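Following: one structure in structure tokens, then a few remarks.
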Amino acid sequence: MATDKLVAMKIFRRVAELGSFTKAADDLDITASTVSKHIAFLEQDLDTRLINRTTRRMNLTDAGLAFLRRTQALLDDLEDAELEARGFQAEPKGSIRINVPMSFGLTHITEAIDSFLNRYPEIEVDLQLSDRMVDLVEQGVDIAIRVRSSLSDSSLLAKPLRKSRNIVCASPRYLESAPAIRSPADLERHNCLAFTFHDRPRVWELGGEEVTVNGNFRTDSSLAIRQSLLRGMGVGLLPRFLVQDDIENGALIPLLEAFPPQPYTVFALFPPGRKQPTKVRLLLEHLDRHLGDRPYWE
């Protein structure tokens with residue numbers, strides 16, 4: 001056989017996950033023509049097109065997406081089989097792609113990844129910071145962390161990591177000249193900053209009741225809302241894990257604590273139909289230890 005099928009599958013996986021022949025070639029330290037050769041071999045061997053490509057973009061066909069699912073699972077199993085055959089004496093290696101919301105990633109994940117890579121230097125981590133949900137299979141994501149009250153996609157495998165809540169807060173600077181806030185209804189007289197990735201950004205559920213808020217600023221970044229709150233721009237509804245330090249040092253004041261929002265869960269999500277390879281399980285265990293027992297986990 002002129003081209004090794006296993007090598008071709010590994011190359012196909014990187015092309016699919018990186019979305020580019022050129023990026024896959026750079027990542028694998030081979031030429032783009034070599035990548036094309038292996039993809040052409042697979043398509044000829046399978047007698048089907050796996051990738052539609054033009055001069056500007058590429059995307060997987062339905063057959064390509066189905067083949068990618070099988071390829072990812074097979075290569076992960078092979079990696080674990082090799083590790084087991086060596087009696088776990090060899091260091092785990094390979095790459096892990098993790099997709100995490102920006103705020104949670106910067107406050108909790110990057111430090112955990114640093115210490116994880118110090119422990120397992122043969123593993124490579126590709127961290128994507130994004131609040132948008134992605135297709136885990138097509139993007140080659142091994143773990144997606146999502147902060148949700150519930151999950152809409154039942155096909156994904158999910159592991160709850162922690163529970164927490166949002167909290168209404170504002171800076172002393174804003175509150176000193178603003179009307180008093182004693183009940184959720186009082187928020188209607190305030191400049192409330194909205195996080196656009198909430199299901200209903202202008203409807204805050206507090207203490208079992210809903211209040212419609214208004215304001216002159218909305219954004220898809222909870223980090224940006226935090227910065228505006230610290231500058232005295234208004235009132236925000238933010239994850240407690242993001243503002244706990246600010247509350248403890250007095251930079252932000254918690255409000256309406258007698259009207260708590262519903263709790264949410266920090267989930268780890270996995271692609272359907274694939275067991276978690278050893279390297280992924282090791283990262284999850286490490287992350288669980290790193291999250292620890294903090295005052296904002298309930």
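Ordering of the structure tokens sets the chain letters (A, B, ...); residue numbers start at 1 within each chain; ligands are numbered from 1 in the order shown.
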
Go through region 34-105 of chain A and flag each residue having an atom no more than 10 Å from region 113-120 of chain A; for those, report the closest pair of atoms plus their distance in Å to one decimal, using only C-alpha atoms, ordered by chain and rising number, as CSV.
residue,atom,partner,partner_atom,distance
A:Glu91,CA,A:Tyr120,CA,7.0
A:Pro92,CA,A:Tyr120,CA,7.0
A:Lys93,CA,A:Tyr120,CA,7.7
A:Gly105,CA,A:Ile113,CA,9.9

Hey, which bits of region 7-42 of chain A sit within 10 Å of region 56-67 of chain A, and for each residue what's the closest pair of atoms and how far apart in Å (one decimal), counting only C-alpha atoms, rows by chain and increasing number, as JSON lines?
{"residue": "A:Met9", "atom": "CA", "partner": "A:Phe67", "partner_atom": "CA", "distance": 9.4}
{"residue": "A:Phe12", "atom": "CA", "partner": "A:Gly64", "partner_atom": "CA", "distance": 9.4}
{"residue": "A:Arg13", "atom": "CA", "partner": "A:Phe67", "partner_atom": "CA", "distance": 9.4}
{"residue": "A:Val15", "atom": "CA", "partner": "A:Met58", "partner_atom": "CA", "distance": 9.5}
{"residue": "A:Ala16", "atom": "CA", "partner": "A:Leu60", "partner_atom": "CA", "distance": 7.2}
{"residue": "A:Gly19", "atom": "CA", "partner": "A:Met58", "partner_atom": "CA", "distance": 6.8}
{"residue": "A:Ser20", "atom": "CA", "partner": "A:Met58", "partner_atom": "CA", "distance": 7.0}
{"residue": "A:Phe21", "atom": "CA", "partner": "A:Met58", "partner_atom": "CA", "distance": 8.8}

Open item on the list: Which residues are close to Val137 (chain A), i.e. within 8 Å by only C-alpha atoms, leaving aside same-chain residues fewer than 6 positions away? Reply as an MDAnalysis selection string.
Closed with: chainID A and resid 65 68:69 271

Open item on the list: Report, in Å to a single decimal, how far apart CA of Pro121 (chain A) and CA of Arg162 (chain A) are.
Closed with: 27.2 Å

Open item on the list: Which residues are close to Ser221 (chain A), i.e. within 10 Å by only C-alpha atoms, leaving aside same-chain residues fewer than 5 positions away? Reply as an NGL selection string.
Closed with: :A and (101-103 or 130-131 or 194-197 or 226)

Those same residues, written as a JSON list (two decimals), in the first residue's frame with N, CA, C and O atoms?
[["chain", "number", "residue", "atom", "x", "y", "z"],
["A", 101, "PRO", "N", -15.85, 29.01, 28.09],
["A", 101, "PRO", "CA", -16.28, 30.41, 28.08],
["A", 101, "PRO", "C", -15.14, 31.33, 28.51],
["A", 101, "PRO", "O", -14.34, 30.97, 29.38],
["A", 102, "MET", "N", -15.08, 32.50, 27.91],
["A", 102, "MET", "CA", -13.96, 33.42, 28.14],
["A", 102, "MET", "C", -13.73, 33.72, 29.62],
["A", 102, "MET", "O", -12.62, 33.57, 30.14],
["A", 103, "SER", "N", -14.77, 34.14, 30.33],
["A", 103, "SER", "CA", -14.60, 34.56, 31.72],
["A", 103, "SER", "C", -14.18, 33.39, 32.60],
["A", 103, "SER", "O", -13.26, 33.51, 33.42],
["A", 130, "SER", "N", -14.24, 30.89, 24.19],
["A", 130, "SER", "CA", -15.39, 31.38, 23.43],
["A", 130, "SER", "C", -16.66, 31.08, 24.20],
["A", 130, "SER", "O", -16.81, 30.00, 24.77],
["A", 131, "ASP", "N", -17.57, 32.05, 24.22],
["A", 131, "ASP", "CA", -18.87, 31.83, 24.86],
["A", 131, "ASP", "C", -19.87, 31.18, 23.92],
["A", 131, "ASP", "O", -20.97, 30.81, 24.34],
["A", 194, "ALA", "N", -26.36, 44.41, 30.33],
["A", 194, "ALA", "CA", -26.91, 43.11, 29.90],
["A", 194, "ALA", "C", -25.85, 42.25, 29.23],
["A", 194, "ALA", "O", -25.06, 42.73, 28.40],
["A", 195, "PHE", "N", -25.87, 40.98, 29.60],
["A", 195, "PHE", "CA", -25.00, 39.97, 28.97],
["A", 195, "PHE", "C", -25.81, 39.29, 27.88],
["A", 195, "PHE", "O", -26.79, 38.60, 28.15],
["A", 196, "THR", "N", -25.41, 39.48, 26.62],
["A", 196, "THR", "CA", -26.26, 39.08, 25.51],
["A", 196, "THR", "C", -26.36, 37.58, 25.31],
["A", 196, "THR", "O", -27.25, 37.12, 24.58],
["A", 197, "PHE", "N", -25.48, 36.78, 25.92],
["A", 197, "PHE", "CA", -25.58, 35.34, 25.77],
["A", 197, "PHE", "C", -26.55, 34.71, 26.76],
["A", 197, "PHE", "O", -26.76, 33.51, 26.73],
["A", 226, "ARG", "N", -18.04, 43.36, 34.01],
["A", 226, "ARG", "CA", -17.34, 43.54, 35.30],
["A", 226, "ARG", "C", -16.52, 44.82, 35.30],
["A", 226, "ARG", "O", -16.56, 45.60, 36.27]]

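Shell of Ile96 (chain A) at 7 Å, with only C-alpha atoms counted and residues fewer than 6 places along the chain excluded, is A:Glu124, A:Val125, A:Asp126, A:Asp142, A:Val280.
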
- [ ] Show which residues sit within 12 Å of Leu78 (chain A), as a ChimeraX atom specification. Count only C-alpha atoms, and ignore same-chain residues fewer than 5 positions away.
- [x] /A:6,10,71-73,83-85,94,277-278

TODO: Apply DSSP to the structure's backbone, then extract all residues of region 99-204 of chain A labelled strand (DSSP E or B) and return them as a ChimeraX atom specification.
DONE: /A:99-100,123-129,143-148,157-164,166-170,191-195,203-204

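Counting from CA of Leu269 (chain A), the distance to CA of Arg146 (chain A) is 7.4 Å.
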
Set the distance at 12 Å and use only C-alpha atoms: which residues neighbour Val266 (chain A) once local chain neighbours fewer than 2 positions away are removed? I'd like the list as a short mmCIF file (atom, residue, chain, number, x, y, z; two decimals) with all heavy atoms, in the first residue's frame.
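And here's selection-v1.cif as it stands now:
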data_model
loop_
_atom_site.label_atom_id
_atom_site.label_comp_id
_atom_site.auth_asym_id
_atom_site.auth_seq_id
_atom_site.Cartn_x
_atom_site.Cartn_y
_atom_site.Cartn_z
N VAL A 100 -13.87 26.68 26.21
CA VAL A 100 -14.30 27.19 27.51
C VAL A 100 -14.81 28.62 27.36
O VAL A 100 -14.25 29.40 26.57
CB VAL A 100 -13.11 27.19 28.51
CG1 VAL A 100 -13.58 27.56 29.92
CG2 VAL A 100 -12.42 25.84 28.53
N PRO A 101 -15.85 29.01 28.09
CA PRO A 101 -16.28 30.41 28.08
C PRO A 101 -15.14 31.33 28.51
O PRO A 101 -14.34 30.97 29.38
CB PRO A 101 -17.43 30.45 29.08
CG PRO A 101 -17.94 29.05 29.14
CD PRO A 101 -16.74 28.18 28.93
N PHE A 104 -14.84 32.25 32.44
CA PHE A 104 -14.50 31.09 33.27
C PHE A 104 -13.11 30.58 32.91
O PHE A 104 -12.35 30.15 33.78
CB PHE A 104 -15.54 29.98 33.07
CG PHE A 104 -15.44 28.89 34.09
CD1 PHE A 104 -15.93 29.06 35.37
CD2 PHE A 104 -14.83 27.68 33.78
CE1 PHE A 104 -15.83 28.06 36.32
CE2 PHE A 104 -14.72 26.67 34.73
CZ PHE A 104 -15.22 26.86 36.00
N GLY A 105 -12.77 30.63 31.64
CA GLY A 105 -11.45 30.17 31.23
C GLY A 105 -10.34 30.99 31.84
O GLY A 105 -9.35 30.44 32.35
N HIS A 108 -10.39 30.49 35.85
CA HIS A 108 -10.26 29.17 36.47
C HIS A 108 -9.49 28.13 35.66
O HIS A 108 -8.94 27.20 36.24
CB HIS A 108 -11.66 28.59 36.75
CG HIS A 108 -12.37 29.28 37.87
ND1 HIS A 108 -13.03 30.46 37.71
CD2 HIS A 108 -12.51 28.95 39.18
CE1 HIS A 108 -13.56 30.83 38.86
NE2 HIS A 108 -13.26 29.94 39.77
N ALA A 144 -15.74 20.47 26.33
CA ALA A 144 -16.29 21.81 26.32
C ALA A 144 -16.83 22.11 27.71
O ALA A 144 -17.58 21.30 28.27
CB ALA A 144 -17.39 21.96 25.27
N ILE A 145 -16.43 23.21 28.29
CA ILE A 145 -16.97 23.64 29.57
C ILE A 145 -18.08 24.64 29.30
O ILE A 145 -17.89 25.61 28.56
CB ILE A 145 -15.88 24.29 30.45
CG1 ILE A 145 -14.71 23.32 30.66
CG2 ILE A 145 -16.47 24.72 31.79
CD1 ILE A 145 -15.05 22.07 31.42
N ARG A 146 -19.25 24.40 29.88
CA ARG A 146 -20.36 25.32 29.69
C ARG A 146 -21.04 25.57 31.02
O ARG A 146 -21.19 24.66 31.84
CB ARG A 146 -21.37 24.76 28.67
CG ARG A 146 -20.89 24.91 27.23
CD ARG A 146 -20.77 26.36 26.83
NE ARG A 146 -20.20 26.55 25.51
CZ ARG A 146 -18.92 26.74 25.25
NH1 ARG A 146 -18.03 26.70 26.25
NH2 ARG A 146 -18.49 26.96 24.02
N VAL A 147 -21.45 26.84 31.21
CA VAL A 147 -22.14 27.26 32.43
C VAL A 147 -23.60 27.44 32.06
O VAL A 147 -23.96 28.38 31.35
CB VAL A 147 -21.52 28.57 32.96
CG1 VAL A 147 -22.24 29.01 34.23
CG2 VAL A 147 -20.02 28.39 33.23
N ARG A 148 -24.44 26.54 32.53
CA ARG A 148 -25.84 26.51 32.10
C ARG A 148 -26.75 26.09 33.26
O ARG A 148 -26.35 25.33 34.14
CB ARG A 148 -26.04 25.49 30.97
CG ARG A 148 -25.32 25.82 29.66
CD ARG A 148 -26.08 26.89 28.89
NE ARG A 148 -25.56 27.04 27.55
CZ ARG A 148 -24.53 27.82 27.22
NH1 ARG A 148 -23.92 28.50 28.17
NH2 ARG A 148 -24.13 27.93 25.97
N SER A 149 -27.98 26.56 33.22
CA SER A 149 -28.98 26.05 34.15
C SER A 149 -29.49 24.69 33.70
O SER A 149 -29.89 23.85 34.50
CB SER A 149 -30.15 27.03 34.28
OG SER A 149 -30.72 27.28 33.01
N SER A 150 -29.44 24.46 32.35
CA SER A 150 -29.82 23.16 31.80
C SER A 150 -29.16 23.03 30.44
O SER A 150 -28.67 24.01 29.87
CB SER A 150 -31.34 23.03 31.67
OG SER A 150 -31.84 24.02 30.79
N LEU A 151 -29.15 21.82 29.90
CA LEU A 151 -28.54 21.55 28.61
C LEU A 151 -29.62 21.27 27.58
O LEU A 151 -30.49 20.43 27.81
CB LEU A 151 -27.58 20.36 28.71
CG LEU A 151 -26.35 20.57 29.60
CD1 LEU A 151 -25.54 19.28 29.70
CD2 LEU A 151 -25.46 21.68 29.04
N ALA A 158 -22.38 14.59 29.36
CA ALA A 158 -22.15 15.71 30.28
C ALA A 158 -21.76 15.21 31.66
O ALA A 158 -22.32 14.23 32.16
CB ALA A 158 -23.40 16.58 30.37
N LYS A 159 -20.82 15.93 32.27
CA LYS A 159 -20.41 15.66 33.64
C LYS A 159 -20.52 16.96 34.44
O LYS A 159 -19.82 17.94 34.15
CB LYS A 159 -18.97 15.16 33.69
CG LYS A 159 -18.41 14.98 35.11
CD LYS A 159 -16.95 14.53 35.07
CE LYS A 159 -16.34 14.50 36.46
NZ LYS A 159 -17.03 13.56 37.36
N PRO A 160 -21.41 17.03 35.43
CA PRO A 160 -21.49 18.24 36.26
C PRO A 160 -20.22 18.39 37.09
O PRO A 160 -19.73 17.44 37.70
CB PRO A 160 -22.71 17.98 37.16
CG PRO A 160 -23.45 16.84 36.52
CD PRO A 160 -22.42 16.02 35.81
N LEU A 161 -19.67 19.60 37.10
CA LEU A 161 -18.45 19.86 37.88
C LEU A 161 -18.75 20.63 39.17
O LEU A 161 -18.31 20.24 40.25
CB LEU A 161 -17.45 20.65 37.03
CG LEU A 161 -16.91 19.95 35.78
CD1 LEU A 161 -15.98 20.89 35.01
CD2 LEU A 161 -16.18 18.66 36.15
N ARG A 162 -19.48 21.73 39.07
CA ARG A 162 -19.80 22.54 40.23
C ARG A 162 -21.14 23.23 40.01
O ARG A 162 -21.61 23.37 38.88
CB ARG A 162 -18.74 23.62 40.48
CG ARG A 162 -17.35 23.11 40.87
CD ARG A 162 -17.36 22.46 42.25
NE ARG A 162 -16.01 22.13 42.67
CZ ARG A 162 -15.34 21.03 42.32
NH1 ARG A 162 -15.92 20.17 41.49
NH2 ARG A 162 -14.13 20.79 42.78
N LYS A 163 -21.76 23.67 41.09
CA LYS A 163 -22.95 24.52 41.02
C LYS A 163 -22.60 25.89 41.58
O LYS A 163 -21.79 26.01 42.49
CB LYS A 163 -24.11 23.91 41.81
CG LYS A 163 -24.83 22.77 41.08
CD LYS A 163 -26.10 22.40 41.80
CE LYS A 163 -26.87 21.34 41.02
NZ LYS A 163 -27.40 21.86 39.75
N SER A 164 -23.21 26.91 41.03
CA SER A 164 -22.99 28.26 41.52
C SER A 164 -24.19 29.12 41.15
O SER A 164 -25.20 28.60 40.68
CB SER A 164 -21.69 28.84 40.92
OG SER A 164 -21.33 30.04 41.57
N ARG A 165 -24.07 30.42 41.39
CA ARG A 165 -25.16 31.35 41.07
C ARG A 165 -24.59 32.64 40.51
O ARG A 165 -23.43 32.99 40.75
CB ARG A 165 -25.97 31.71 42.33
CG ARG A 165 -26.77 30.59 42.95
CD ARG A 165 -27.49 31.08 44.19
NE ARG A 165 -28.11 30.00 44.94
CZ ARG A 165 -29.35 29.59 44.78
NH1 ARG A 165 -30.13 30.18 43.90
NH2 ARG A 165 -29.84 28.60 45.50
N PRO A 239 -21.70 36.09 37.18
CA PRO A 239 -21.35 34.89 37.94
C PRO A 239 -20.57 35.24 39.20
O PRO A 239 -19.67 36.08 39.17
CB PRO A 239 -20.48 34.09 36.97
CG PRO A 239 -20.81 34.60 35.62
CD PRO A 239 -21.15 36.05 35.80
N PHE A 241 -18.42 33.50 40.64
CA PHE A 241 -17.01 33.13 40.53
C PHE A 241 -16.18 34.24 39.89
O PHE A 241 -14.97 34.30 40.05
CB PHE A 241 -16.84 31.83 39.75
CG PHE A 241 -17.22 31.87 38.30
CD1 PHE A 241 -16.44 32.51 37.35
CD2 PHE A 241 -18.38 31.24 37.85
CE1 PHE A 241 -16.78 32.54 36.01
CE2 PHE A 241 -18.73 31.27 36.51
CZ PHE A 241 -17.94 31.92 35.59
N PRO A 263 -29.81 28.58 40.73
CA PRO A 263 -28.43 28.12 40.54
C PRO A 263 -28.22 27.58 39.13
O PRO A 263 -29.17 27.23 38.43
CB PRO A 263 -28.30 26.99 41.57
CG PRO A 263 -29.69 26.50 41.80
CD PRO A 263 -30.57 27.71 41.64
N TYR A 264 -26.97 27.56 38.72
CA TYR A 264 -26.60 26.97 37.44
C TYR A 264 -25.50 25.95 37.68
O TYR A 264 -24.94 25.86 38.78
CB TYR A 264 -26.16 28.03 36.43
CG TYR A 264 -25.02 28.90 36.91
CD1 TYR A 264 -23.71 28.42 36.93
CD2 TYR A 264 -25.25 30.21 37.32
CE1 TYR A 264 -22.67 29.21 37.37
CE2 TYR A 264 -24.21 31.01 37.76
CZ TYR A 264 -22.93 30.51 37.79
OH TYR A 264 -21.90 31.29 38.23
N ALA A 268 -18.95 19.80 32.14
CA ALA A 268 -17.96 19.37 31.16
C ALA A 268 -18.71 18.52 30.14
O ALA A 268 -19.37 17.54 30.50
CB ALA A 268 -16.85 18.56 31.81
N LEU A 269 -18.63 18.91 28.87
CA LEU A 269 -19.35 18.21 27.80
C LEU A 269 -18.36 17.48 26.92
O LEU A 269 -17.23 17.94 26.68
CB LEU A 269 -20.14 19.20 26.96
CG LEU A 269 -21.11 20.13 27.70
CD1 LEU A 269 -21.80 21.06 26.72
CD2 LEU A 269 -22.13 19.32 28.48
N LEU A 287 -8.57 19.21 36.86
CA LEU A 287 -9.44 20.38 36.94
C LEU A 287 -10.34 20.32 38.16
O LEU A 287 -10.54 21.33 38.84
CB LEU A 287 -10.29 20.47 35.66
CG LEU A 287 -11.27 21.63 35.57
CD1 LEU A 287 -10.55 22.97 35.70
CD2 LEU A 287 -12.05 21.57 34.26
N ASP A 288 -10.85 19.14 38.48
CA ASP A 288 -11.71 18.99 39.65
C ASP A 288 -10.95 19.36 40.93
O ASP A 288 -11.48 20.03 41.81
CB ASP A 288 -12.22 17.55 39.73
CG ASP A 288 -13.24 17.36 40.84
OD1 ASP A 288 -14.30 18.00 40.78
OD2 ASP A 288 -12.96 16.59 41.77
N LEU A 291 -10.43 23.27 40.97
CA LEU A 291 -11.61 24.07 41.32
C LEU A 291 -11.83 24.11 42.82
O LEU A 291 -12.25 25.12 43.38
CB LEU A 291 -12.84 23.52 40.61
CG LEU A 291 -12.87 23.66 39.09
CD1 LEU A 291 -14.12 23.02 38.52
CD2 LEU A 291 -12.79 25.12 38.67
N TRP A 297 -18.93 28.17 45.20
CA TRP A 297 -19.51 26.89 44.81
C TRP A 297 -20.50 26.49 45.90
O TRP A 297 -20.19 26.50 47.07
CB TRP A 297 -18.46 25.79 44.69
CG TRP A 297 -17.30 26.05 43.78
CD1 TRP A 297 -16.00 25.84 44.05
CD2 TRP A 297 -17.33 26.55 42.42
NE1 TRP A 297 -15.21 26.18 42.98
CE2 TRP A 297 -16.01 26.61 41.96
CE3 TRP A 297 -18.36 26.95 41.57
CZ2 TRP A 297 -15.68 27.07 40.69
CZ3 TRP A 297 -18.02 27.40 40.32
CH2 TRP A 297 -16.71 27.46 39.88
N GLU A 298 -21.69 26.13 45.49
CA GLU A 298 -22.72 25.78 46.48
C GLU A 298 -22.95 24.29 46.52
O GLU A 298 -22.91 23.63 45.51
CB GLU A 298 -24.03 26.48 46.12
CG GLU A 298 -23.90 28.00 46.13
CD GLU A 298 -25.19 28.71 45.76
OE1 GLU A 298 -26.19 28.01 45.51
OE2 GLU A 298 -25.19 29.93 45.72
#

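In this model, the gap between CA of Arg14 (chain A) and CA of Asp220 (chain A) comes to 29.8 Å.
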
TODO: Could you please write out, as a PyMOL selection string, every residue of region 50-297 of chain A that DSSP assigns to alpha helix (DSSP H)?
DONE: chain A and resi 62-85+102-104+110-119+172-175+222-230+240-248+278-291

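You can rank A:Gly236, A:Pro201, A:Pro272, A:Gly292 by their closest distance to Ile143 (chain A) using only C-alpha atoms, and at the top of that list sits A:Pro272.
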